[in-house]
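Q: My structure is below; once you've seen it, I'll send some questions.
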Amino acid sequence: MEQVPCLSCGQFFTPRNKKQNYCSAVKCQRTRKADWQRHKIKTDPDYKRDQRISQKKWLSSNPDYWKSYRLNNREKTERNRALQRLRNKSRLKKVRPGKPVIAKMDVRKDAVRPVDIMSSGQFWLVPVIAKMDAAKVFLRVL
């Protein structure tokens, strides 16, 4: 069989069969597996669900992972925070000029009258950051 270029590194190699597109280098095999997983998650809902369950299970058994990651990688943490501030500013200009972009825990502080928030009726919850559809809710004050 003639040599073909690896899809990952571009080096020419002799494939073992016609379907082989990646050489046997460790980095190229990791790339191949990552590509396969991305494709599998997009096309197989069961695999996607199982991956989410697995991630949640791992995170519940390692609850302090992100806290320690941020402590050990301060430069990445600061870079991410700076980029998040830029994203917030651009969203603020597009979505709601003059309104906060990040969700607040207590919206009553910003309300003119607490009665406005505590009134019964039909409301639309419109997400500003999260990518989800708006939801219509019915609230009744008891």
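Labeling convention for the structure tokens: chains A, B, ... as they appear, residues from 1 per chain, ligands from 1 in order of appearance.
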Need the shell around range 7-10 of chain A: protein/DNA/RNA residues with any atom at most 9 Å away, counting only C-alpha atoms. Skip same-chain ones fewer than 2 positions apart. Format as a list in words?
A: Val4, Pro5, Phe12, Asn21, Tyr22, Cys23, Lys27, Cys28, Gln29, Thr31 and Arg32 of chain A
Q: Return as CSV the residues of range 14-68 of chain A lying at most 12 Å from range 72-92 of chain A, together with the closest atom-to-atom pair for each and the distance in Å to one decimal, counting only C-alpha atoms, with rows in chain order and ascending residue number.
A:
```
residue,atom,partner,partner_atom,distance
A:Tyr65,CA,A:Asn72,CA,10.5
A:Trp66,CA,A:Asn72,CA,9.7
A:Lys67,CA,A:Asn72,CA,8.8
A:Ser68,CA,A:Asn72,CA,6.1
```
Q: Between CA of Ala25 in chain A and CA of Ile41 in chain A, what is the distance, to one decimal in Å?
A: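 So the two atoms, CA of Ala25 in chain A and CA of Ile41 in chain A, lie 24.3 Å apart.
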Q: To one decimal in Å, tell me the separation between CA of Lys42 in chain A and CA of Cys6 in chain A.
A: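 Answer for the CA of Lys42 in chain A to CA of Cys6 in chain A separation: 23.7 Å.
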Q: Mind pulling up the distance from CA of Pro63 in chain A to CA of Tyr47 in chain A?
A: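 Between these atoms lies a distance of 23.8 Å.
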Q: Hey, what does DSSP flag as helix (DSSP H, G or I) within range 5-44 of chain A? Can you give it to me as number ranges by chain?
A: A: 26-43
